[in-house]
$ cat coords17.cif   # mmCIF, C-alpha atoms
data_my_file
#
loop_
_atom_site.group_PDB
_atom_site.id
_atom_site.type_symbol
_atom_site.label_atom_id
_atom_site.label_comp_id
_atom_site.auth_asym_id
_atom_site.auth_seq_id
_atom_site.Cartn_x
_atom_site.Cartn_y
_atom_site.Cartn_z
ATOM 1 C CA MET A 127 -7.983 31.035 -16.852
ATOM 2 C CA ALA A 128 -4.338 30.295 -16.070
ATOM 3 C CA LYS A 129 -1.684 29.198 -18.563
ATOM 4 C CA ILE A 130 -0.039 25.875 -17.729
ATOM 5 C CA PHE A 131 2.806 24.090 -19.496
ATOM 6 C CA ILE A 132 3.234 20.334 -19.148
ATOM 7 C CA SER A 133 6.721 19.238 -20.242
ATOM 8 C CA GLY A 134 5.844 15.596 -20.891
ATOM 9 C CA GLU A 135 2.711 13.532 -21.405
ATOM 10 C CA ILE A 136 0.810 12.595 -18.243
ATOM 11 C CA PRO A 137 -2.224 10.367 -17.567
ATOM 12 C CA GLU A 138 -5.520 11.544 -19.064
ATOM 13 C CA ILE A 139 -6.988 12.289 -15.634
ATOM 14 C CA GLY A 140 -4.500 15.157 -15.282
ATOM 15 C CA TYR A 141 -5.719 16.888 -18.452
ATOM 16 C CA GLN A 142 -9.328 16.432 -17.416
ATOM 17 C CA LEU A 143 -8.703 18.097 -14.061
ATOM 18 C CA LEU A 144 -7.070 21.066 -15.839
ATOM 19 C CA LYS A 145 -9.737 21.485 -18.530
ATOM 20 C CA ASP A 146 -10.744 24.934 -17.227
ATOM 21 C CA HIS A 147 -7.236 26.278 -17.891
ATOM 22 C CA GLU A 148 -5.148 26.890 -20.991
ATOM 23 C CA ILE A 149 -2.854 23.885 -21.349
ATOM 24 C CA ASP A 150 0.216 23.507 -23.527
ATOM 25 C CA VAL A 151 1.765 20.010 -23.615
ATOM 26 C CA TYR A 152 5.113 18.836 -24.955
ATOM 27 C CA TYR A 153 4.581 15.636 -26.970
ATOM 28 C CA GLY A 154 8.123 15.076 -28.255
ATOM 29 C CA GLU A 155 9.627 11.582 -28.203
ATOM 30 C CA LYS A 156 12.894 12.883 -26.728
ATOM 31 C CA LEU A 157 13.194 14.864 -23.504
ATOM 32 C CA ILE A 158 12.480 18.558 -23.952
ATOM 33 C CA THR A 159 15.579 20.726 -24.308
ATOM 34 C CA GLU A 160 16.385 23.578 -21.965
ATOM 35 C CA GLU A 161 15.969 26.046 -24.840
ATOM 36 C CA GLU A 162 12.511 24.838 -25.834
ATOM 37 C CA LEU A 163 11.344 24.626 -22.238
ATOM 38 C CA ALA A 164 12.477 28.207 -21.577
ATOM 39 C CA GLU A 165 10.675 29.388 -24.697
ATOM 40 C CA ARG A 166 7.411 27.599 -24.042
ATOM 41 C CA ILE A 167 6.965 28.637 -20.411
ATOM 42 C CA ALA A 168 7.757 32.294 -21.052
ATOM 43 C CA ASP A 169 4.139 33.358 -20.481
ATOM 44 C CA LYS A 170 3.008 30.479 -18.245
ATOM 45 C CA ASP A 171 1.664 30.630 -14.696
ATOM 46 C CA ALA A 172 2.504 27.041 -13.810
ATOM 47 C CA LEU A 173 4.832 24.247 -14.925
ATOM 48 C CA LEU A 174 3.975 20.582 -14.452
ATOM 49 C CA CYS A 175 7.073 18.539 -15.214
ATOM 50 C CA PRO A 176 8.261 14.925 -14.982
ATOM 51 C CA LEU A 177 11.350 14.505 -12.824
ATOM 52 C CA SER A 178 13.278 13.918 -16.067
ATOM 53 C CA THR A 179 12.842 17.621 -16.935
ATOM 54 C CA PRO A 180 15.749 19.788 -15.662
ATOM 55 C CA VAL A 181 14.405 23.115 -14.434
ATOM 56 C CA THR A 182 17.443 25.369 -14.322
ATOM 57 C CA ARG A 183 17.999 29.021 -13.473
ATOM 58 C CA LYS A 184 17.774 29.859 -17.158
ATOM 59 C CA VAL A 185 14.370 28.185 -17.367
ATOM 60 C CA ILE A 186 13.111 29.880 -14.205
ATOM 61 C CA ASP A 187 14.328 33.290 -15.374
ATOM 62 C CA SER A 188 12.462 32.861 -18.668
ATOM 63 C CA ALA A 189 9.062 32.707 -16.926
ATOM 64 C CA PRO A 190 8.305 35.920 -14.999
ATOM 65 C CA ASN A 191 4.681 34.852 -14.342
ATOM 66 C CA LEU A 192 5.564 31.424 -12.967
ATOM 67 C CA LYS A 193 3.952 30.673 -9.608
ATOM 68 C CA ILE A 194 4.578 26.961 -9.160
ATOM 69 C CA ILE A 195 6.755 24.155 -10.486
ATOM 70 C CA ALA A 196 4.821 20.947 -9.840
ATOM 71 C CA ASN A 197 7.097 17.949 -10.182
ATOM 72 C CA PHE A 198 5.520 14.708 -11.333
ATOM 73 C CA GLY A 199 7.567 12.402 -9.112
ATOM 74 C CA ALA A 200 8.676 11.951 -5.531
ATOM 75 C CA GLY A 201 12.131 13.371 -6.186
ATOM 76 C CA PHE A 202 12.982 16.977 -7.013
ATOM 77 C CA ASN A 203 16.729 17.048 -7.686
ATOM 78 C CA ASN A 204 15.918 17.995 -11.297
ATOM 79 C CA ILE A 205 14.817 21.454 -10.098
ATOM 80 C CA ASP A 206 16.930 24.330 -8.810
ATOM 81 C CA VAL A 207 14.754 24.512 -5.714
ATOM 82 C CA GLN A 208 16.792 27.196 -3.952
ATOM 83 C CA TYR A 209 16.633 29.549 -6.930
ATOM 84 C CA ALA A 210 12.902 28.951 -7.301
ATOM 85 C CA LYS A 211 12.499 29.864 -3.635
ATOM 86 C CA GLU A 212 14.452 33.082 -4.180
ATOM 87 C CA LYS A 213 12.016 33.906 -6.981
ATOM 88 C CA ASN A 214 9.025 33.152 -4.713
ATOM 89 C CA ILE A 215 7.992 30.216 -6.865
ATOM 90 C CA PHE A 216 6.467 27.204 -5.130
ATOM 91 C CA VAL A 217 7.985 23.778 -5.843
ATOM 92 C CA SER A 218 5.966 20.655 -5.140
ATOM 93 C CA ASN A 219 6.371 16.923 -5.668
ATOM 94 C CA THR A 220 4.220 13.784 -5.482
ATOM 95 C CA PRO A 221 5.441 11.684 -2.546
ATOM 96 C CA ASP A 222 3.672 8.757 -0.842
ATOM 97 C CA VAL A 223 1.137 8.051 -3.607
ATOM 98 C CA SER A 224 3.728 5.909 -5.387
ATOM 99 C CA THR A 225 5.076 4.194 -2.271
ATOM 100 C CA ASP A 226 3.467 0.792 -2.739
ATOM 101 C CA ALA A 227 4.228 0.629 -6.452
ATOM 102 C CA THR A 228 7.939 1.277 -5.852
ATOM 103 C CA ALA A 229 8.034 -1.186 -2.970
ATOM 104 C CA GLU A 230 6.383 -3.841 -5.143
ATOM 105 C CA LEU A 231 8.975 -3.364 -7.865
ATOM 106 C CA SER A 232 11.775 -3.637 -5.292
ATOM 107 C CA ILE A 233 10.452 -7.022 -4.190
ATOM 108 C CA GLY A 234 10.061 -7.972 -7.840
ATOM 109 C CA LEU A 235 13.696 -7.076 -8.497
ATOM 110 C CA MET A 236 14.814 -9.219 -5.566
ATOM 111 C CA LEU A 237 12.917 -12.206 -6.935
ATOM 112 C CA ALA A 238 14.057 -11.546 -10.492
ATOM 113 C CA ILE A 239 17.762 -11.480 -9.671
ATOM 114 C CA SER A 240 17.800 -14.180 -6.990
ATOM 115 C CA ARG A 241 15.617 -16.660 -8.916
ATOM 116 C CA ARG A 242 17.200 -15.734 -12.274
ATOM 117 C CA ILE A 243 13.815 -14.996 -13.846
ATOM 118 C CA PRO A 244 14.961 -12.816 -16.800
ATOM 119 C CA GLU A 245 17.798 -15.269 -17.468
ATOM 120 C CA GLY A 246 15.338 -18.169 -17.472
ATOM 121 C CA ASP A 247 12.956 -16.323 -19.756
ATOM 122 C CA GLN A 248 15.774 -15.710 -22.231
ATOM 123 C CA LEU A 249 16.789 -19.373 -22.123
ATOM 124 C CA CYS A 250 13.232 -20.495 -22.885
ATOM 125 C CA ARG A 251 13.000 -18.075 -25.827
ATOM 126 C CA THR A 252 16.300 -19.193 -27.364
ATOM 127 C CA GLU A 253 17.966 -22.598 -26.961
ATOM 128 C CA GLY A 254 15.363 -24.053 -24.595
ATOM 129 C CA PHE A 255 16.063 -26.639 -21.883
ATOM 130 C CA ASN A 256 16.085 -30.416 -21.484
ATOM 131 C CA GLY A 257 13.621 -30.702 -18.622
ATOM 132 C CA TRP A 258 13.557 -30.561 -14.847
ATOM 133 C CA ALA A 259 16.700 -31.662 -13.039
ATOM 134 C CA PRO A 260 17.752 -31.395 -9.361
ATOM 135 C CA LEU A 261 20.717 -29.114 -10.011
ATOM 136 C CA PHE A 262 19.376 -27.200 -12.991
ATOM 137 C CA PHE A 263 19.162 -23.382 -12.907
ATOM 138 C CA LEU A 264 19.479 -22.995 -9.154
ATOM 139 C CA GLY A 265 18.826 -19.625 -7.578
ATOM 140 C CA ARG A 266 18.434 -18.334 -4.038
ATOM 141 C CA GLY A 267 15.292 -17.811 -1.970
ATOM 142 C CA LEU A 268 14.043 -14.952 0.190
ATOM 143 C CA SER A 269 12.618 -16.888 3.134
ATOM 144 C CA GLU A 270 14.715 -16.640 6.310
ATOM 145 C CA LYS A 271 17.218 -14.379 4.569
ATOM 146 C CA THR A 272 18.283 -10.981 5.930
ATOM 147 C CA LEU A 273 17.135 -7.901 4.052
ATOM 148 C CA GLY A 274 19.066 -4.718 4.776
ATOM 149 C CA ILE A 275 17.185 -1.532 3.893
ATOM 150 C CA ILE A 276 19.154 1.685 3.479
ATOM 151 C CA GLY A 277 16.693 4.530 4.036
ATOM 152 C CA PHE A 278 13.642 3.669 6.105
ATOM 153 C CA GLY A 279 11.134 6.260 4.961
ATOM 154 C CA SER A 280 7.721 5.382 3.580
ATOM 155 C CA ILE A 281 9.094 3.288 0.700
ATOM 156 C CA GLY A 282 11.687 1.514 2.829
ATOM 157 C CA GLN A 283 9.014 0.638 5.367
ATOM 158 C CA ALA A 284 6.661 -0.566 2.631
ATOM 159 C CA VAL A 285 9.418 -2.846 1.323
ATOM 160 C CA ALA A 286 9.939 -4.178 4.848
ATOM 161 C CA ARG A 287 6.212 -4.826 5.244
ATOM 162 C CA LYS A 288 6.104 -6.873 2.043
ATOM 163 C CA ALA A 289 9.401 -8.638 2.739
ATOM 164 C CA LYS A 290 8.105 -9.679 6.158
ATOM 165 C CA ALA A 291 5.440 -11.739 4.375
ATOM 166 C CA PHE A 292 8.279 -13.692 2.713
ATOM 167 C CA GLY A 293 9.698 -14.532 6.125
ATOM 168 C CA MET A 294 12.706 -12.237 5.825
ATOM 169 C CA LYS A 295 14.637 -10.753 8.730
ATOM 170 C CA ILE A 296 14.681 -6.960 8.425
ATOM 171 C CA LEU A 297 17.606 -4.669 9.225
ATOM 172 C CA TYR A 298 17.529 -0.969 8.462
ATOM 173 C CA THR A 299 19.780 2.045 8.718
ATOM 174 C CA GLY A 300 19.365 5.761 8.233
ATOM 175 C CA PRO A 301 19.962 9.128 9.891
ATOM 176 C CA ARG A 302 17.864 8.181 12.905
ATOM 177 C CA ARG A 303 16.103 5.262 14.529
ATOM 178 C CA LYS A 304 12.357 4.913 14.001
ATOM 179 C CA ASP A 305 9.717 4.669 16.684
ATOM 180 C CA GLU A 306 9.613 1.367 18.586
ATOM 181 C CA THR A 307 6.059 0.685 17.396
ATOM 182 C CA ILE A 308 7.208 0.763 13.750
ATOM 183 C CA GLU A 309 10.096 -1.567 14.508
ATOM 184 C CA LYS A 310 7.794 -3.981 16.301
ATOM 185 C CA GLU A 311 5.189 -3.950 13.515
ATOM 186 C CA LEU A 312 7.798 -4.676 10.842
ATOM 187 C CA ASN A 313 10.066 -6.848 12.998
ATOM 188 C CA ALA A 314 12.868 -4.507 11.977
ATOM 189 C CA SER A 315 16.135 -3.790 13.778
ATOM 190 C CA PHE A 316 18.087 -0.544 13.539
ATOM 191 C CA VAL A 317 21.805 -1.097 12.899
ATOM 192 C CA SER A 318 24.776 0.894 11.700
ATOM 193 C CA PHE A 319 25.515 1.175 7.986
ATOM 194 C CA GLU A 320 28.547 -1.082 8.412
ATOM 195 C CA GLU A 321 26.562 -3.772 10.225
ATOM 196 C CA LEU A 322 23.829 -3.721 7.615
ATOM 197 C CA ILE A 323 26.294 -4.073 4.737
ATOM 198 C CA GLN A 324 28.104 -6.970 6.403
ATOM 199 C CA GLN A 325 25.072 -8.928 7.650
ATOM 200 C CA SER A 326 22.539 -8.631 4.816
ATOM 201 C CA ASP A 327 21.800 -11.209 2.128
ATOM 202 C CA TYR A 328 19.930 -8.525 0.180
ATOM 203 C CA VAL A 329 20.741 -4.812 0.376
ATOM 204 C CA SER A 330 17.933 -2.589 -0.920
ATOM 205 C CA VAL A 331 18.612 1.131 -1.318
ATOM 206 C CA HIS A 332 15.759 3.587 -0.630
ATOM 207 C CA SER A 333 17.607 6.677 0.565
ATOM 208 C CA PRO A 334 17.024 10.136 -0.893
ATOM 209 C CA TYR A 335 19.667 11.547 -3.196
ATOM 210 C CA ASN A 336 21.788 14.365 -1.827
ATOM 211 C CA LYS A 337 25.440 15.265 -1.261
ATOM 212 C CA GLU A 338 25.691 12.791 1.608
ATOM 213 C CA THR A 339 24.294 9.854 -0.375
ATOM 214 C CA HIS A 340 26.141 10.530 -3.645
ATOM 215 C CA HIS A 341 28.225 7.394 -4.299
ATOM 216 C CA LEU A 342 27.106 5.909 -0.991
ATOM 217 C CA ILE A 343 27.707 2.461 -2.482
ATOM 218 C CA THR A 344 31.315 2.178 -3.669
ATOM 219 C CA LEU A 345 33.689 -0.719 -4.290
ATOM 220 C CA ASP A 346 34.929 -0.460 -0.711
ATOM 221 C CA VAL A 347 31.369 -0.877 0.558
ATOM 222 C CA ILE A 348 30.525 -3.723 -1.830
ATOM 223 C CA GLN A 349 33.644 -5.629 -0.805
ATOM 224 C CA LYS A 350 32.267 -5.731 2.751
ATOM 225 C CA MET A 351 29.055 -7.419 1.599
ATOM 226 C CA LYS A 352 28.594 -11.182 1.621
ATOM 227 C CA LYS A 353 29.893 -12.913 -1.504
ATOM 228 C CA ASP A 354 26.409 -14.347 -2.128
ATOM 229 C CA ALA A 355 24.554 -11.094 -1.442
ATOM 230 C CA PHE A 356 22.469 -9.061 -3.895
ATOM 231 C CA LEU A 357 22.260 -5.281 -4.293
ATOM 232 C CA ILE A 358 18.920 -3.695 -5.225
ATOM 233 C CA ASN A 359 18.589 -0.022 -6.175
ATOM 234 C CA ALA A 360 15.205 1.581 -6.870
ATOM 235 C CA SER A 361 16.055 4.969 -5.351
ATOM 236 C CA ARG A 362 18.363 7.229 -7.373
ATOM 237 C CA GLY A 363 21.127 6.138 -9.721
ATOM 238 C CA PRO A 364 24.057 8.237 -8.435
ATOM 239 C CA VAL A 365 23.725 6.657 -4.979
ATOM 240 C CA VAL A 366 25.659 3.751 -6.500
ATOM 241 C CA HIS A 367 29.093 4.220 -8.064
ATOM 242 C CA GLU A 368 28.318 2.341 -11.279
ATOM 243 C CA GLU A 369 31.904 1.746 -12.393
ATOM 244 C CA ASP A 370 32.708 0.243 -8.994
ATOM 245 C CA LEU A 371 29.605 -1.933 -9.168
ATOM 246 C CA VAL A 372 30.598 -3.296 -12.584
ATOM 247 C CA LYS A 373 34.062 -4.143 -11.274
ATOM 248 C CA ALA A 374 32.615 -5.899 -8.217
ATOM 249 C CA LEU A 375 30.129 -7.905 -10.283
ATOM 250 C CA LYS A 376 32.771 -9.009 -12.778
ATOM 251 C CA GLU A 377 35.098 -10.084 -9.979
ATOM 252 C CA GLY A 378 32.362 -11.949 -8.080
ATOM 253 C CA GLN A 379 32.471 -9.689 -5.035
ATOM 254 C CA ILE A 380 28.673 -10.133 -4.761
ATOM 255 C CA ALA A 381 26.216 -12.530 -6.394
ATOM 256 C CA GLY A 382 24.330 -9.936 -8.394
ATOM 257 C CA ALA A 383 22.504 -6.628 -8.643
ATOM 258 C CA ALA A 384 19.099 -5.416 -9.799
ATOM 259 C CA LEU A 385 18.822 -1.774 -10.854
ATOM 260 C CA ASP A 386 15.824 0.349 -11.749
ATOM 261 C CA VAL A 387 17.851 3.587 -11.787
ATOM 262 C CA PHE A 388 21.249 4.506 -13.206
ATOM 263 C CA GLU A 389 24.068 6.894 -12.410
ATOM 264 C CA PHE A 390 24.013 8.635 -15.799
ATOM 265 C CA GLU A 391 20.349 8.055 -16.598
ATOM 266 C CA PRO A 392 18.936 7.643 -19.172
ATOM 267 C CA LYS A 393 22.323 6.332 -20.310
ATOM 268 C CA ILE A 394 23.139 2.880 -18.959
ATOM 269 C CA THR A 395 26.736 1.769 -18.501
ATOM 270 C CA GLU A 396 27.375 -0.604 -21.405
ATOM 271 C CA GLU A 397 29.177 -3.224 -19.315
ATOM 272 C CA LEU A 398 26.105 -3.675 -17.112
ATOM 273 C CA LYS A 399 24.200 -4.889 -20.167
ATOM 274 C CA THR A 400 26.707 -7.679 -20.761
ATOM 275 C CA LEU A 401 26.537 -9.258 -17.295
ATOM 276 C CA LYS A 402 24.242 -12.208 -16.552
ATOM 277 C CA ASN A 403 24.169 -11.447 -12.835
ATOM 278 C CA VAL A 404 22.388 -8.121 -13.372
ATOM 279 C CA VAL A 405 18.702 -7.285 -13.855
ATOM 280 C CA LEU A 406 17.944 -3.905 -15.438
ATOM 281 C CA THR A 407 14.599 -2.085 -15.604
ATOM 282 C CA PRO A 408 13.990 1.393 -17.117
ATOM 283 C CA HIS A 409 13.114 3.472 -14.024
ATOM 284 C CA ILE A 410 9.641 1.934 -13.622
ATOM 285 C CA GLY A 411 9.468 1.976 -9.820
ATOM 286 C CA ASN A 412 6.096 3.708 -9.702
ATOM 287 C CA ALA A 413 5.002 2.814 -13.225
ATOM 288 C CA THR A 414 1.601 1.381 -12.447
ATOM 289 C CA ILE A 415 -1.610 2.816 -13.829
ATOM 290 C CA GLU A 416 -2.899 3.351 -10.305
ATOM 291 C CA ALA A 417 0.202 5.137 -9.032
ATOM 292 C CA ARG A 418 0.628 7.377 -12.079
ATOM 293 C CA ASP A 419 -3.034 8.440 -11.958
ATOM 294 C CA ALA A 420 -2.637 9.305 -8.284
ATOM 295 C CA MET A 421 0.537 11.270 -9.055
ATOM 296 C CA ALA A 422 -1.234 13.219 -11.792
ATOM 297 C CA LYS A 423 -4.093 14.111 -9.455
ATOM 298 C CA LEU A 424 -1.705 15.300 -6.749
ATOM 299 C CA ALA A 425 0.459 17.333 -9.137
ATOM 300 C CA VAL A 426 -2.636 19.039 -10.541
ATOM 301 C CA LYS A 427 -4.039 19.684 -7.074
ATOM 302 C CA ASN A 428 -0.769 21.366 -6.092
ATOM 303 C CA ILE A 429 -1.094 23.643 -9.115
ATOM 304 C CA THR A 430 -4.767 24.524 -8.638
ATOM 305 C CA ASN A 431 -4.198 25.243 -4.954
ATOM 306 C CA VAL A 432 -1.446 27.745 -5.741
ATOM 307 C CA LEU A 433 -3.387 29.350 -8.582
ATOM 308 C CA SER A 434 -6.302 29.900 -6.213
ATOM 309 C CA GLY A 435 -4.073 31.535 -3.594
ATOM 310 C CA ASP A 436 -3.459 28.545 -1.313
ATOM 311 C CA ASN A 437 -0.317 26.577 -0.573
ATOM 312 C CA PRO A 438 0.463 23.344 -2.409
ATOM 313 C CA ILE A 439 -0.475 20.125 -0.610
ATOM 314 C CA THR A 440 3.017 18.649 -0.890
ATOM 315 C CA PRO A 441 5.529 21.496 -1.075
ATOM 316 C CA VAL A 442 9.208 20.685 -1.268
#
$ encode --input "coords17.cif" --output "structure tokens"
Amino acid sequence: MAKIFISGEIPEIGYQLLKDHEIDVYYGEKLITEEELAERIADKDALLCPLSTPVTRKVIDSAPNLKIIANFGAGFNNIDVQYAKEKNIFVSNTPDVSTDATAELSIGLMLAISRRIPEGDQLCRTEGFNGWAPLFFLGRGLSEKTLGIIGFGSIGQAVARKAKAFGMKILYTGPRRKDETIEKELNASFVSFEELIQQSDYVSVHSPYNKETHHLITLDVIQKMKKDAFLINASRGPVVHEEDLVKALKEGQIAGAALDVFEFEPKITEELKTLKNVVLTPHIGNATIEARDAMAKLAVKNITNVLSGDNPITPV
């Protein structure tokens, strides 16, 4: 029987799959501190952690028996992966199983900001309205508009697949061009970053977060977008320079933005909360029952594989 620490509550299916092991779960309302995490994994064989749990050198050094850090999430920038590797500790994540959920939210954010759905909901709940009128509460549609996707991995492609059903023209950019069959299926065209920024009515960010993509979207970039364009970010917060975005939104450089992630998450820049041309959601890209259950199953499978002497299914 192995000892496993889970640094945040997960779906019930995860506990059921680990019932043959000794499980210790952190149930605190706030994120676990580095000190408590280091203390509670001191004698553990495995750590299952949400991507909101920083796993630092100090934490890794506190657990001499640790064999795997199984991240509950597609990202892994919360973990000192290189140091874990030096300590011969596996690191795994849960990619792909949350692809459709995140893509669905991205489309939802586009509709929410362009059709002013949260704004309309607030109006109905407060002062109300006087009835239908030809010029009342106008927004913008998706059909026949150009969607520019930055990062064309599994999520970016899933967004393109769903956007195609709305009759959108798809542009994408990234480190390399995709296979011609993928482009044909999604009716997607590979362009440079500059072309995508300048030609798109909607810019949706789905790139990974690394040194190259840190502050990829700055004021200089936003100023090259169309004045009536929208920025969507459901990838990682620091990809967008938040202070620059606020400035651009206040000055009308673009029509609006919809954000599911934030540069200093979980803190949200206060000025963003005051702007009507912004939609904010609390990092719920893959927050569906189906996706979270699938993530729990995969995270647990990565752990049980390693504990039985095999490699994780989705190693980082």
$ resolve_selection --input "coords17.cif" --expression "the PyMOL selection byres ((chain A and resi 353) around 12)" --output "list in words"
Ile323, Gln324, Gln325, Ser326, Asp327, Tyr328, Ile348, Gln349, Lys350, Met351, Lys352, Asp354, Ala355, Phe356, Leu357, Ala374, Leu375, Glu377, Gly378, Gln379, Ile380, Ala381 and Gly382 of chain A
$ resolve_selection --input "coords17.cif" --expression "the PyMOL selection byres ((chain A and resi 149) around 10)" --output "number ranges by chain"
A: 127-132, 141, 144-148, 150-151, 170, 172
$ write_last_selection --input "coords17.cif" --atoms "C-alpha atoms" --output "PDB file, in the frame of the given file"
ATOM      1  CA  MET A 127      -7.983  31.035 -16.852  1.00  0.00           C
ATOM      2  CA  ALA A 128      -4.338  30.295 -16.070  1.00  0.00           C
ATOM      3  CA  LYS A 129      -1.684  29.198 -18.563  1.00  0.00           C
ATOM      4  CA  ILE A 130      -0.039  25.875 -17.729  1.00  0.00           C
ATOM      5  CA  PHE A 131       2.806  24.090 -19.496  1.00  0.00           C
ATOM      6  CA  ILE A 132       3.234  20.334 -19.148  1.00  0.00           C
ATOM      7  CA  TYR A 141      -5.719  16.888 -18.452  1.00  0.00           C
ATOM      8  CA  LEU A 144      -7.070  21.066 -15.839  1.00  0.00           C
ATOM      9  CA  LYS A 145      -9.737  21.485 -18.530  1.00  0.00           C
ATOM     10  CA  ASP A 146     -10.744  24.934 -17.227  1.00  0.00           C
ATOM     11  CA  HIS A 147      -7.236  26.278 -17.891  1.00  0.00           C
ATOM     12  CA  GLU A 148      -5.148  26.890 -20.991  1.00  0.00           C
ATOM     13  CA  ASP A 150       0.216  23.507 -23.527  1.00  0.00           C
ATOM     14  CA  VAL A 151       1.765  20.010 -23.615  1.00  0.00           C
ATOM     15  CA  LYS A 170       3.008  30.479 -18.245  1.00  0.00           C
ATOM     16  CA  ALA A 172       2.504  27.041 -13.810  1.00  0.00           C
TER      17      ALA A 172
END
$ residues_around --input "coords17.cif" --residues "region 196-200 of chain A" --least-positions-apart "4" --cutoff "6 Å" --atoms "all atoms listed in the file" --output "list of chain:residue names"
A:Leu174, A:Cys175, A:Pro176, A:Leu177, A:Val217, A:Ser218, A:Asn219, A:Thr220, A:Pro221, A:Ala425
$ atom_distance --input "coords17.cif" --atom1 "CA of Leu312 (chain A)" --atom2 "CA of Thr228 (chain A)"
17.7 Å
$ residues_around --input "coords17.cif" --residues "region 383-386 of chain A" --least-positions-apart "3" --cutoff "10 Å" --atoms "all atoms listed in the file" --output "ChimeraX atom specification"
/A:228,231-232,234-240,328-331,355-363,366,371-372,375,380,398,401-411
$ write_last_selection --input "coords17.cif" --atoms "C-alpha atoms" --output "short mmCIF file (atom, residue, chain, number, x, y, z; two decimals), in the frame of the given file"
data_model
loop_
_atom_site.label_atom_id
_atom_site.label_comp_id
_atom_site.auth_asym_id
_atom_site.auth_seq_id
_atom_site.Cartn_x
_atom_site.Cartn_y
_atom_site.Cartn_z
CA THR A 228 7.94 1.28 -5.85
CA LEU A 231 8.98 -3.36 -7.86
CA SER A 232 11.78 -3.64 -5.29
CA GLY A 234 10.06 -7.97 -7.84
CA LEU A 235 13.70 -7.08 -8.50
CA MET A 236 14.81 -9.22 -5.57
CA LEU A 237 12.92 -12.21 -6.94
CA ALA A 238 14.06 -11.55 -10.49
CA ILE A 239 17.76 -11.48 -9.67
CA SER A 240 17.80 -14.18 -6.99
CA TYR A 328 19.93 -8.52 0.18
CA VAL A 329 20.74 -4.81 0.38
CA SER A 330 17.93 -2.59 -0.92
CA VAL A 331 18.61 1.13 -1.32
CA ALA A 355 24.55 -11.09 -1.44
CA PHE A 356 22.47 -9.06 -3.90
CA LEU A 357 22.26 -5.28 -4.29
CA ILE A 358 18.92 -3.70 -5.22
CA ASN A 359 18.59 -0.02 -6.18
CA ALA A 360 15.20 1.58 -6.87
CA SER A 361 16.06 4.97 -5.35
CA ARG A 362 18.36 7.23 -7.37
CA GLY A 363 21.13 6.14 -9.72
CA VAL A 366 25.66 3.75 -6.50
CA LEU A 371 29.60 -1.93 -9.17
CA VAL A 372 30.60 -3.30 -12.58
CA LEU A 375 30.13 -7.90 -10.28
CA ILE A 380 28.67 -10.13 -4.76
CA LEU A 398 26.10 -3.68 -17.11
CA LEU A 401 26.54 -9.26 -17.30
CA LYS A 402 24.24 -12.21 -16.55
CA ASN A 403 24.17 -11.45 -12.84
CA VAL A 404 22.39 -8.12 -13.37
CA VAL A 405 18.70 -7.28 -13.86
CA LEU A 406 17.94 -3.90 -15.44
CA THR A 407 14.60 -2.08 -15.60
CA PRO A 408 13.99 1.39 -17.12
CA HIS A 409 13.11 3.47 -14.02
CA ILE A 410 9.64 1.93 -13.62
CA GLY A 411 9.47 1.98 -9.82
#
$ resolve_selection --input "coords17.cif" --expression "the PyMOL selection byres ((chain A and resi 316) around 10)" --output "list in words"
Gly274, Ile275, Phe278, Ile296, Leu297, Tyr298, Thr299, Gly300, Arg302, Arg303, Lys304, Glu309, Ala314, Ser315, Val317, Ser318, Phe319, Glu321 and Leu322 of chain A
$ closest_residue --input "coords17.cif" --among "A:Ile343, A:Leu192, A:Ile429, A:Leu163" --to "Asn214 (chain A)" --atoms "all atoms listed in the file"
A:Leu192
$ closest_residue --input "coords17.cif" --among "A:Ile233, A:Ile308, A:Leu424, A:Ala168" --to "Leu268 (chain A)" --atoms "all atoms listed in the file"
A:Ile233
$ atom_distance --input "coords17.cif" --atom1 "CA of Thr400 (chain A)" --atom2 "CA of Leu342 (chain A)"
24.0 Å
$ closest_residue --input "coords17.cif" --among "A:Ser178, A:Thr339, A:Phe255, A:Val442" --to "Ala210 (chain A)" --atoms "all atoms listed in the file"
A:Val442
$ closest_residue --input "coords17.cif" --among "A:Lys337, A:Ile215, A:Ala291, A:Tyr209" --to "Ile195 (chain A)" --atoms "all atoms listed in the file"
A:Ile215
$ residues_around --input "coords17.cif" --residues "Glu161 (chain A)" --least-positions-apart "5" --cutoff "9 Å" --atoms "all atoms listed in the file" --output "mmCIF file with C-alpha atoms, keeping the file's coordinate frame"
data_model
loop_
_atom_site.group_PDB
_atom_site.id
_atom_site.type_symbol
_atom_site.label_atom_id
_atom_site.label_comp_id
_atom_site.auth_asym_id
_atom_site.auth_seq_id
_atom_site.Cartn_x
_atom_site.Cartn_y
_atom_site.Cartn_z
ATOM 1 C CA ARG A 166 7.411 27.599 -24.042
ATOM 2 C CA LYS A 184 17.774 29.859 -17.158
ATOM 3 C CA VAL A 185 14.370 28.185 -17.367
#
$ atom_distance --input "coords17.cif" --atom1 "CA of His341 (chain A)" --atom2 "CA of Asp370 (chain A)"
9.7 Å
$ residues_around --input "coords17.cif" --residues "Ile158 (chain A)" --least-positions-apart "6" --cutoff "10 Å" --atoms "all atoms listed in the file" --output "JSON, numbers by chain"
{"A": [133, 134, 152, 164, 178, 179, 180]}
$ closest_residue --input "coords17.cif" --among "A:Asn203, A:Thr159, A:Ser434, A:Asn191" --to "Asn336 (chain A)" --atoms "all atoms listed in the file"
A:Asn203
$ decode --input "coords17.cif" --residues "region 406-413 of chain A" --atoms "C-alpha atoms" --output "CSV table (one decimal), in the first residue's frame"
chain,number,residue,atom,x,y,z
A,406,LEU,CA,-14.2,37.5,-17.0
A,407,THR,CA,-14.5,33.8,-16.0
A,408,PRO,CA,-12.6,32.1,-13.1
A,409,HIS,CA,-10.3,29.7,-15.0
A,410,ILE,CA,-13.1,27.3,-15.9
A,411,GLY,CA,-11.8,26.2,-19.3
A,412,ASN,CA,-12.1,22.5,-18.6
A,413,ALA,CA,-14.6,22.8,-15.7
